[in-house]
Amino acid sequence: MEPLKIGITGVRGVVGQTLTPELVVRFAEAFGSYLDGGRVLVCRDPRPSGPMVQAAVTAGLLSVGCEVVDLGICPTPTLQLAVPWLGAKGGVSITGGHNPPEWNALKFARGDGLYLSAIQGEELLDIFHQGAVERVGWDRLRTRVEEQDAIDHHLAALAARFDASAVRARRLRVAVDCGNGSCARLVPRWLEALGCEVLPINDDPSLPFARLPEPSVATAAQARAIVLAGHADLGFVLDADGERLSLVDETGRPLSEERTLPLAAEAALTRRKGPVVTNVSTTGLVERVAARHGATVVRTPVGQAFVSEAILEHGAVIGGEGNGGVAVPEIQATHDSAAAIGLLLEHLAHAGRPLSALDADLPTLVMRKLALPVAPRLLFSALQEFREAVGEVEGATVDQTDGVKILWPDGWVHVRASNTQSLLRVIAEADDAGRAQELADWARERLRI
Amino acid sequence: MRAIPTLKISISGVRGVVGDSLTPELVARFAQAFGTWVGGGRVVIGRDPRTSGEMVRQAVMAGLASSGCRVSDLGVVPTPTVQLLVRQLGAQGGIAITASHNPPEWNALKFVGGDGLFLSAARGRELLDIYHQGDYAKAKGADQRTPERIADAVERHVRAVLEGVGPLPAGRPLRVVVDPGGGAASLAAPRLVEALGAEVSAIHATADGRFPRPAEPVAENLGALAEAVRARRADVGFAQDMDGDRLAIVDEAGRPIGEELTLVLAADEVLRRTKGPVVANLATTDAVDAMAARHGSPVFRTRVGEANVAEGMRLHHAVIGGEGNGGVIWPAVNFARDSLVGMGLVLHRLAGSGRPVSALASEYDRFRVVKLQRHCPAEQGRTILARAREAWAGRPVDLTDGVKVRLEDGWFILRASNTEPIVRVIAESTTEERARAIAESVLADVASWL
């Protein structure tokens, strides 16, 4: 049985196993009680368990006196942007994101549309665990209404920020693989608004996922085929709910999702100087790009809520994570693939060069990633023992922002517990594959699992 | 004294107060238990317009989808519409979300089998066991089905009734006032009357979860209807309860004729079309027997409750059946207490006879029913019934349900409620004064035994 993960980032599990309607109802009641009633937006991605989970969320929110605004199948960032627009107190996005179709999860947004911070997430968990929910009587129950305009609102916000005329002048041909996720309702329209010739694939949310939802080199095969067959200038690979993005260049070469943020940072810093925010697990390319523009990089624990908080705190011009998530703060301080697409296409248009050339401007670093399954009861003690085994390292610094990261002048290795699965993740990065493997092995030897 | 719990989980369903005992978690569990019991497949759901209806509906959908059912959602519809559509759609079962005539803070789930009938006691016990055992079927996420919305359920129901009873005969159209009480039949009642070819006006026909009058269609709650019937010079007024299974009638002068006569008038119409057995519960007026005797049709009596009457109707191959609370079951259209069926049949009886409602009702003047109740601690209910059996041992006593005693000039029945700490007495005699005197004397006896 797959584990259930209840944490400050929400609740995630496998439907048909651990993610039961009772659990979802209780969590939604806790969230509604945390917000103290009021208007709450709800959306979902199109996976088949979505209607069940959404019904349970709606029942729970109504039970504690919330008004539920149903956005239907809709990207998470669209919901996040709509929360302040509709004067809501919060939002719940029902999405397994990049996880396979049998998973589902609840993600909680607060009144400004951003995910709950770590402290707020702890408060919500306390209410959930204590069962301290406040159900209301028949005369204080609100109802559910449907809202159709959230995607139009998102498109209008994007159009107001980006230079569509520059993109339009280039008459770009763009392939986009929506993976039959909720982005199919947003991204093709956004590309058309930018004057692109759009070559969409997997753009019907009523069909099953056509591939694993996580954007990566491995899931880019269909986008690559469309880029080649359609002679496109580039291709985009999207996850199920609009937070992650990877790229395919005009030669059909899929780029690692780790390169999405550095390319977006280059685009953002070309436009305006300012700090860059990313998590401690993300490629060191971010520092290299920032250094060219004399910008600083702020590193946070892994998780969007931390990135969002740091963007606000430092007034960052761009933020994101190595999974292909990019936040453009002028739109919103949270991952938004449509905003990232606007930023990248605008940059491509202004630069007048193909994506392969822009990518070639960035150095190539090599990453080695290990995912080590650990029993839930040992997950954090294994990490603790690793920290003790590492001790002081000659010629390196040890960073404990999130898990344990050891940085040498020519590379780094990072060991942390996954937020979403019972795994320890080991990530090493260096200029060449040999050194990256050496660093990963160095960490693996010191892990007693 | 300990507080009386508001939650009632029994073989006839689950009922509770929202914001208190009827939580969405409990509802989701019960829906999963039902989904497990039906074994997946299509399940029809509908709700009455109470403010808690949407919350409960969402929890029901979550539970059904989780247990692998495909939900066919009818929206706000009468309970008999759910029962009809279960059969029309070939579904495995149905759930009606309604607390019927209970006040607005209540809500409940009523479970319907694949035959369109409420679960029998035996099936209800199976469901309850599954609920308590908590081992519910869980469909894999990838196999779960998106609920479908059936938008034309009310039209289907109206059409079925119209096809069953036929249009009213040509001539002067009957003038009808309907009072659905802001309930689930608010849309269906005026549509049906119009479709039958009568002139209709409606009061209390906005189903927004407010209760414009108390939900039970008994005489003291029908003042506005009586006034509307007089003001509009209507031939008849119809009142329904919150979930549209019960029907009460007001005559052309605005006088409630008593909900006991709804079944009598409707059955009279059916027996004129088809001779055959009639089934009623044993607390229903003897006017049923008088009416049936004229058609040479036998009457069979059952325990109180729709499931019991329906079971008796199957057993005896009844052509019509129902209960004295205004519930009419005509299997030719719907094997359920159905106020729309009741309206169709009564309007036909009215048009066919060419006489006013008051004249039809006056044929049963010598059947007068009085219903009274009093508090009785639940643990004493059985003792009271035992004392009653002793006290009236010399009389003809029927122990099918509670204690029913036949007197020279009528009868009474004493029952302990299944859901509340009360005992109820229903008495019938040739005059209202005499019926009241009987009922009051029974309650006085009960008081002396407590």
# chains A, B, ... in the order shown; residues from 1 in each chain; ligands from 1
$ closest_atom_pairs --of "range 338-432 of chain B" --to "range 194-218 of chain B" --cutoff "12 Å" --atoms "only C-alpha atoms" --output "tab-separated table"
residue	atom	partner	partner_atom	distance
B:Ser339	CA	B:Pro217	CA	11.4
B:Leu340	CA	B:Leu196	CA	11.1
B:Val341	CA	B:Leu196	CA	11.5
B:Met343	CA	B:Leu196	CA	10.0
B:Gly344	CA	B:Leu196	CA	7.6
B:Leu345	CA	B:Leu196	CA	10.6
B:Val346	CA	B:Leu196	CA	11.7
B:Leu347	CA	B:Ala198	CA	8.7
B:His348	CA	B:Leu196	CA	9.3
B:Leu350	CA	B:Ala198	CA	11.5
B:Ala351	CA	B:Ala198	CA	10.0
B:Val370	CA	B:Val218	CA	11.9
B:Lys371	CA	B:Val218	CA	11.0
$ write_last_selection --atoms "N, CA and C atoms" --output "PDB file, in the first residue's frame"
ATOM      1  N   SER B 339     -46.962  11.859  -4.840  1.00  0.00           N
ATOM      2  CA  SER B 339     -48.015  12.883  -4.792  1.00  0.00           C
ATOM      3  C   SER B 339     -48.460  13.286  -6.192  1.00  0.00           C
ATOM      4  N   LEU B 340     -47.575  13.160  -7.184  1.00  0.00           N
ATOM      5  CA  LEU B 340     -47.961  13.525  -8.549  1.00  0.00           C
ATOM      6  C   LEU B 340     -48.963  12.515  -9.103  1.00  0.00           C
ATOM      7  N   VAL B 341     -48.710  11.250  -8.837  1.00  0.00           N
ATOM      8  CA  VAL B 341     -49.665  10.207  -9.214  1.00  0.00           C
ATOM      9  C   VAL B 341     -51.004  10.469  -8.518  1.00  0.00           C
ATOM     10  N   MET B 343     -52.226  13.312  -7.473  1.00  0.00           N
ATOM     11  CA  MET B 343     -52.916  14.446  -8.086  1.00  0.00           C
ATOM     12  C   MET B 343     -53.589  14.039  -9.388  1.00  0.00           C
ATOM     13  N   GLY B 344     -52.873  13.287 -10.191  1.00  0.00           N
ATOM     14  CA  GLY B 344     -53.425  12.858 -11.480  1.00  0.00           C
ATOM     15  C   GLY B 344     -54.695  12.052 -11.298  1.00  0.00           C
ATOM     16  N   LEU B 345     -54.658  11.104 -10.353  1.00  0.00           N
ATOM     17  CA  LEU B 345     -55.827  10.244 -10.138  1.00  0.00           C
ATOM     18  C   LEU B 345     -57.001  11.031  -9.562  1.00  0.00           C
ATOM     19  N   VAL B 346     -56.730  11.891  -8.601  1.00  0.00           N
ATOM     20  CA  VAL B 346     -57.818  12.650  -7.958  1.00  0.00           C
ATOM     21  C   VAL B 346     -58.453  13.617  -8.958  1.00  0.00           C
ATOM     22  N   LEU B 347     -57.625  14.266  -9.792  1.00  0.00           N
ATOM     23  CA  LEU B 347     -58.192  15.176 -10.796  1.00  0.00           C
ATOM     24  C   LEU B 347     -59.089  14.406 -11.773  1.00  0.00           C
ATOM     25  N   HIS B 348     -58.672  13.209 -12.137  1.00  0.00           N
ATOM     26  CA  HIS B 348     -59.525  12.399 -13.017  1.00  0.00           C
ATOM     27  C   HIS B 348     -60.829  12.013 -12.344  1.00  0.00           C
ATOM     28  N   LEU B 350     -62.329  13.670 -10.080  1.00  0.00           N
ATOM     29  CA  LEU B 350     -63.106  14.901 -10.016  1.00  0.00           C
ATOM     30  C   LEU B 350     -63.774  15.182 -11.354  1.00  0.00           C
ATOM     31  N   ALA B 351     -62.984  15.124 -12.431  1.00  0.00           N
ATOM     32  CA  ALA B 351     -63.517  15.420 -13.760  1.00  0.00           C
ATOM     33  C   ALA B 351     -64.545  14.362 -14.163  1.00  0.00           C
ATOM     34  N   VAL B 370     -59.018  11.014  14.228  1.00  0.00           N
ATOM     35  CA  VAL B 370     -58.298  11.965  15.085  1.00  0.00           C
ATOM     36  C   VAL B 370     -56.963  11.328  15.457  1.00  0.00           C
ATOM     37  N   LYS B 371     -55.891  12.109  15.340  1.00  0.00           N
ATOM     38  CA  LYS B 371     -54.546  11.598  15.642  1.00  0.00           C
ATOM     39  C   LYS B 371     -53.963  12.408  16.790  1.00  0.00           C
TER      40      LYS B 371
END
$ residues_around --residues "range 118-129 of chain B" --least-positions-apart "2" --cutoff "9 Å" --atoms "only C-alpha atoms" --output "list of chain:residue names"
B:Ile9, B:Ser10, B:Ile11, B:Ser12, B:Gly13, B:Phe30, B:Ala33, B:Phe34, B:Thr36, B:Trp37, B:Gln83, B:Gly94, B:Lys110, B:Phe111, B:Val112, B:Gly113, B:Asp115, B:Gly116, B:Tyr131, B:His132, B:Gln133, B:Gly134, B:Glu306, B:Ala307, B:Asn308, B:Ala310, B:Glu311, B:Ala336
$ write_last_selection --atoms "C-alpha atoms" --output "PDB file, in the first residue's frame"
ATOM      1  CA  ILE B   9     -29.386   5.270  12.227  1.00  0.00           C
ATOM      2  CA  SER B  10     -31.829   2.486  11.497  1.00  0.00           C
ATOM      3  CA  ILE B  11     -32.872   0.013   8.862  1.00  0.00           C
ATOM      4  CA  SER B  12     -34.922   2.760   7.233  1.00  0.00           C
ATOM      5  CA  GLY B  13     -31.914   5.037   6.737  1.00  0.00           C
ATOM      6  CA  PHE B  30     -23.034   5.736   4.684  1.00  0.00           C
ATOM      7  CA  ALA B  33     -21.713   1.425   2.647  1.00  0.00           C
ATOM      8  CA  PHE B  34     -24.617   1.709   0.192  1.00  0.00           C
ATOM      9  CA  THR B  36     -20.682  -1.457  -1.349  1.00  0.00           C
ATOM     10  CA  TRP B  37     -24.094  -3.039  -0.775  1.00  0.00           C
ATOM     11  CA  GLN B  83     -37.640   5.898  -7.196  1.00  0.00           C
ATOM     12  CA  GLY B  94     -30.911   5.237  -5.377  1.00  0.00           C
ATOM     13  CA  LYS B 110     -33.381   7.174   2.305  1.00  0.00           C
ATOM     14  CA  PHE B 111     -32.158   4.170   0.392  1.00  0.00           C
ATOM     15  CA  VAL B 112     -33.852   2.729  -2.683  1.00  0.00           C
ATOM     16  CA  GLY B 113     -33.163  -0.701  -4.139  1.00  0.00           C
ATOM     17  CA  ASP B 115     -36.602  -2.266  -7.927  1.00  0.00           C
ATOM     18  CA  GLY B 116     -37.390   1.362  -7.001  1.00  0.00           C
ATOM     19  CA  TYR B 131     -21.867   0.474   7.533  1.00  0.00           C
ATOM     20  CA  HIS B 132     -20.836  -0.664  10.994  1.00  0.00           C
ATOM     21  CA  GLN B 133     -18.172  -3.062   9.759  1.00  0.00           C
ATOM     22  CA  GLY B 134     -16.578  -0.185   7.842  1.00  0.00           C
ATOM     23  CA  GLU B 306     -44.035   2.695   2.804  1.00  0.00           C
ATOM     24  CA  ALA B 307     -41.740  -0.343   2.618  1.00  0.00           C
ATOM     25  CA  ASN B 308     -44.356  -2.501   4.406  1.00  0.00           C
ATOM     26  CA  ALA B 310     -45.182  -1.857  -0.940  1.00  0.00           C
ATOM     27  CA  GLU B 311     -44.253  -5.346   0.205  1.00  0.00           C
ATOM     28  CA  ALA B 336     -43.682   4.552  -4.529  1.00  0.00           C
TER      29      ALA B 336
END
$ select_by_dssp --residues "range 143-202 of chain A" --states "strand (DSSP E)" --output "list in words"
Arg144, Val145, Glu146, Arg173, Val174, Ala175, Val176, Asp177, Glu197, Val198, Leu199, Pro200 and Ile201 of chain A
$ interface_residues --of "chain B" --to "chain A" --cutoff "10 Å" --atoms "only C-alpha atoms" --output "JSON, numbers by chain"
{"B": [17, 18, 19, 20, 21, 22, 23, 24, 25, 26, 27, 28, 29, 32, 50, 51, 52, 53, 54, 55, 56, 57, 58, 59, 60, 61, 62, 63, 64, 65, 66, 67, 68, 104, 105, 106, 107, 137, 138, 139, 140, 141, 142, 143, 144, 145, 146, 147, 209, 210]}
$ residues_around --residues "Asn180 in chain A" --least-positions-apart "3" --cutoff "7 Å" --atoms "only C-alpha atoms" --output "number ranges by chain"
A: 184, 202-205, 207-210
$ atom_distance --atom1 "CA of Ile119 in chain A" --atom2 "CA of Arg387 in chain A"
24.8 Å
$ atom_distance --atom1 "CA of Arg368 in chain A" --atom2 "CA of Ala175 in chain A"
29.0 Å
$ residues_around --residues "range 303-312 of chain A" --least-positions-apart "4" --cutoff "10 Å" --atoms "only C-alpha atoms" --output "MDAnalysis selection string"
chainID A and resid 8:9 109 114:118 121 243 275:279 298:299 316:321 325:329 332:335 419
$ residues_around --residues "Thr284 in chain B" --least-positions-apart "5" --cutoff "9 Å" --atoms "only C-alpha atoms" --output "list in words"
Glu260, Arg301, Val304, Gly322, Glu323, Gly324, Asn325, Val369 and Ile426 of chain B
$ write_last_selection --atoms "C-alpha atoms" --output "JSON list (two decimals), in the first residue's frame"
[["chain", "number", "residue", "atom", "x", "y", "z"],
["B", 260, "GLU", "CA", -56.92, 10.16, 4.95],
["B", 301, "ARG", "CA", -53.78, -4.27, 5.74],
["B", 304, "VAL", "CA", -47.22, 1.19, 8.91],
["B", 322, "GLY", "CA", -51.06, 3.66, 0.21],
["B", 323, "GLU", "CA", -51.28, 5.20, 3.62],
["B", 324, "GLY", "CA", -53.58, 7.51, 5.51],
["B", 325, "ASN", "CA", -50.96, 10.25, 5.64],
["B", 369, "VAL", "CA", -60.08, 10.24, 12.20],
["B", 426, "ILE", "CA", -55.11, 7.19, 15.92]]
$ residues_around --residues "range 271-274 of chain A" --least-positions-apart "3" --cutoff "9 Å" --atoms "only C-alpha atoms" --output "PyMOL selection string"
chain A and resi 266-268+293-296+314-318+347
$ write_last_selection --atoms "N, CA and C atoms" --output "PDB file, in the first residue's frame"
ATOM      1  N   GLU A 266      17.465  33.941 -17.012  1.00  0.00           N
ATOM      2  CA  GLU A 266      18.174  34.750 -18.009  1.00  0.00           C
ATOM      3  C   GLU A 266      17.198  35.765 -18.636  1.00  0.00           C
ATOM      4  N   ALA A 267      16.006  35.262 -18.990  1.00  0.00           N
ATOM      5  CA  ALA A 267      15.011  36.147 -19.599  1.00  0.00           C
ATOM      6  C   ALA A 267      14.597  37.257 -18.639  1.00  0.00           C
ATOM      7  N   ALA A 268      14.355  36.902 -17.391  1.00  0.00           N
ATOM      8  CA  ALA A 268      13.871  37.894 -16.415  1.00  0.00           C
ATOM      9  C   ALA A 268      14.956  38.918 -16.094  1.00  0.00           C
ATOM     10  N   HIS A 293      24.577  38.709 -14.507  1.00  0.00           N
ATOM     11  CA  HIS A 293      23.806  39.947 -14.399  1.00  0.00           C
ATOM     12  C   HIS A 293      24.070  40.650 -13.080  1.00  0.00           C
ATOM     13  N   GLY A 294      25.032  40.142 -12.320  1.00  0.00           N
ATOM     14  CA  GLY A 294      25.334  40.744 -11.021  1.00  0.00           C
ATOM     15  C   GLY A 294      24.187  40.621 -10.035  1.00  0.00           C
ATOM     16  N   ALA A 295      23.380  39.554 -10.179  1.00  0.00           N
ATOM     17  CA  ALA A 295      22.222  39.371  -9.288  1.00  0.00           C
ATOM     18  C   ALA A 295      22.562  38.363  -8.191  1.00  0.00           C
ATOM     19  N   THR A 296      21.852  38.448  -7.080  1.00  0.00           N
ATOM     20  CA  THR A 296      22.056  37.499  -5.992  1.00  0.00           C
ATOM     21  C   THR A 296      21.055  36.349  -6.108  1.00  0.00           C
ATOM     22  N   HIS A 314      12.369  39.091  -0.490  1.00  0.00           N
ATOM     23  CA  HIS A 314      13.550  39.678  -1.121  1.00  0.00           C
ATOM     24  C   HIS A 314      13.211  40.506  -2.347  1.00  0.00           C
ATOM     25  N   GLY A 315      11.939  40.615  -2.683  1.00  0.00           N
ATOM     26  CA  GLY A 315      11.579  41.374  -3.877  1.00  0.00           C
ATOM     27  C   GLY A 315      12.200  40.776  -5.130  1.00  0.00           C
ATOM     28  N   ALA A 316      12.163  39.465  -5.249  1.00  0.00           N
ATOM     29  CA  ALA A 316      12.837  38.780  -6.349  1.00  0.00           C
ATOM     30  C   ALA A 316      12.163  39.089  -7.689  1.00  0.00           C
ATOM     31  N   VAL A 317      12.955  39.007  -8.769  1.00  0.00           N
ATOM     32  CA  VAL A 317      12.382  39.215 -10.105  1.00  0.00           C
ATOM     33  C   VAL A 317      11.994  37.885 -10.751  1.00  0.00           C
ATOM     34  N   ILE A 318      12.488  36.795 -10.179  1.00  0.00           N
ATOM     35  CA  ILE A 318      12.140  35.476 -10.714  1.00  0.00           C
ATOM     36  C   ILE A 318      12.374  34.449  -9.607  1.00  0.00           C
ATOM     37  N   HIS A 347      11.357  36.660 -24.449  1.00  0.00           N
ATOM     38  CA  HIS A 347      12.819  36.710 -24.490  1.00  0.00           C
ATOM     39  C   HIS A 347      13.341  36.196 -25.834  1.00  0.00           C
TER      40      HIS A 347
END
$ atom_distance --atom1 "CA of Arg185 in chain A" --atom2 "CA of Thr251 in chain A"
27.2 Å
$ closest_residue --among "B:Ala378, B:Leu85, B:Val270, B:Ala160" --to "Val328 in chain B" --atoms "only C-alpha atoms"
B:Val270
$ decode --residues "range 198-242 of chain B" --atoms "C-alpha atoms" --output "short mmCIF file (atom, residue, chain, number, x, y, z; two decimals), in the first residue's frame"
data_model
loop_
_atom_site.label_atom_id
_atom_site.label_comp_id
_atom_site.auth_asym_id
_atom_site.auth_seq_id
_atom_site.Cartn_x
_atom_site.Cartn_y
_atom_site.Cartn_z
CA ALA B 198 -56.22 21.87 -16.03
CA GLU B 199 -55.71 25.52 -15.12
CA VAL B 200 -53.09 25.87 -12.45
CA SER B 201 -51.88 28.51 -10.08
CA ALA B 202 -49.27 27.89 -7.44
CA ILE B 203 -48.34 29.21 -4.01
CA HIS B 204 -45.20 28.34 -2.02
CA ALA B 205 -43.59 27.05 -5.23
CA THR B 206 -40.06 28.43 -4.82
CA ALA B 207 -37.71 25.64 -3.76
CA ASP B 208 -34.99 27.73 -2.11
CA GLY B 209 -34.61 25.85 1.16
CA ARG B 210 -36.88 28.18 3.11
CA PHE B 211 -39.99 26.63 4.58
CA PRO B 212 -42.90 28.97 3.73
CA ARG B 213 -45.17 26.82 5.93
CA PRO B 214 -44.54 23.83 8.22
CA ALA B 215 -43.63 20.91 5.97
CA GLU B 216 -46.40 18.51 6.93
CA PRO B 217 -49.52 18.93 4.72
CA VAL B 218 -51.99 18.65 7.60
CA ALA B 219 -55.06 20.84 8.02
CA GLU B 220 -53.56 23.40 10.39
CA ASN B 221 -50.76 24.19 7.89
CA LEU B 222 -53.01 24.79 4.89
CA GLY B 223 -54.46 28.24 5.70
CA ALA B 224 -52.76 29.97 2.77
CA LEU B 225 -53.88 27.27 0.35
CA ALA B 226 -57.48 27.52 1.55
CA GLU B 227 -57.40 31.27 1.05
CA ALA B 228 -55.92 30.93 -2.44
CA VAL B 229 -58.54 28.35 -3.45
CA ARG B 230 -61.33 30.70 -2.37
CA ALA B 231 -59.75 33.81 -3.87
CA ARG B 232 -59.18 32.12 -7.24
CA ARG B 233 -62.52 30.28 -7.17
CA ALA B 234 -60.65 27.05 -7.74
CA ASP B 235 -62.19 23.59 -7.87
CA VAL B 236 -59.52 22.00 -5.70
CA GLY B 237 -56.29 22.70 -3.82
CA PHE B 238 -53.36 20.30 -3.45
CA ALA B 239 -50.66 20.43 -0.78
CA GLN B 240 -47.49 18.36 -0.67
CA ASP B 241 -44.80 17.73 1.88
CA MET B 242 -41.14 18.69 1.51
#
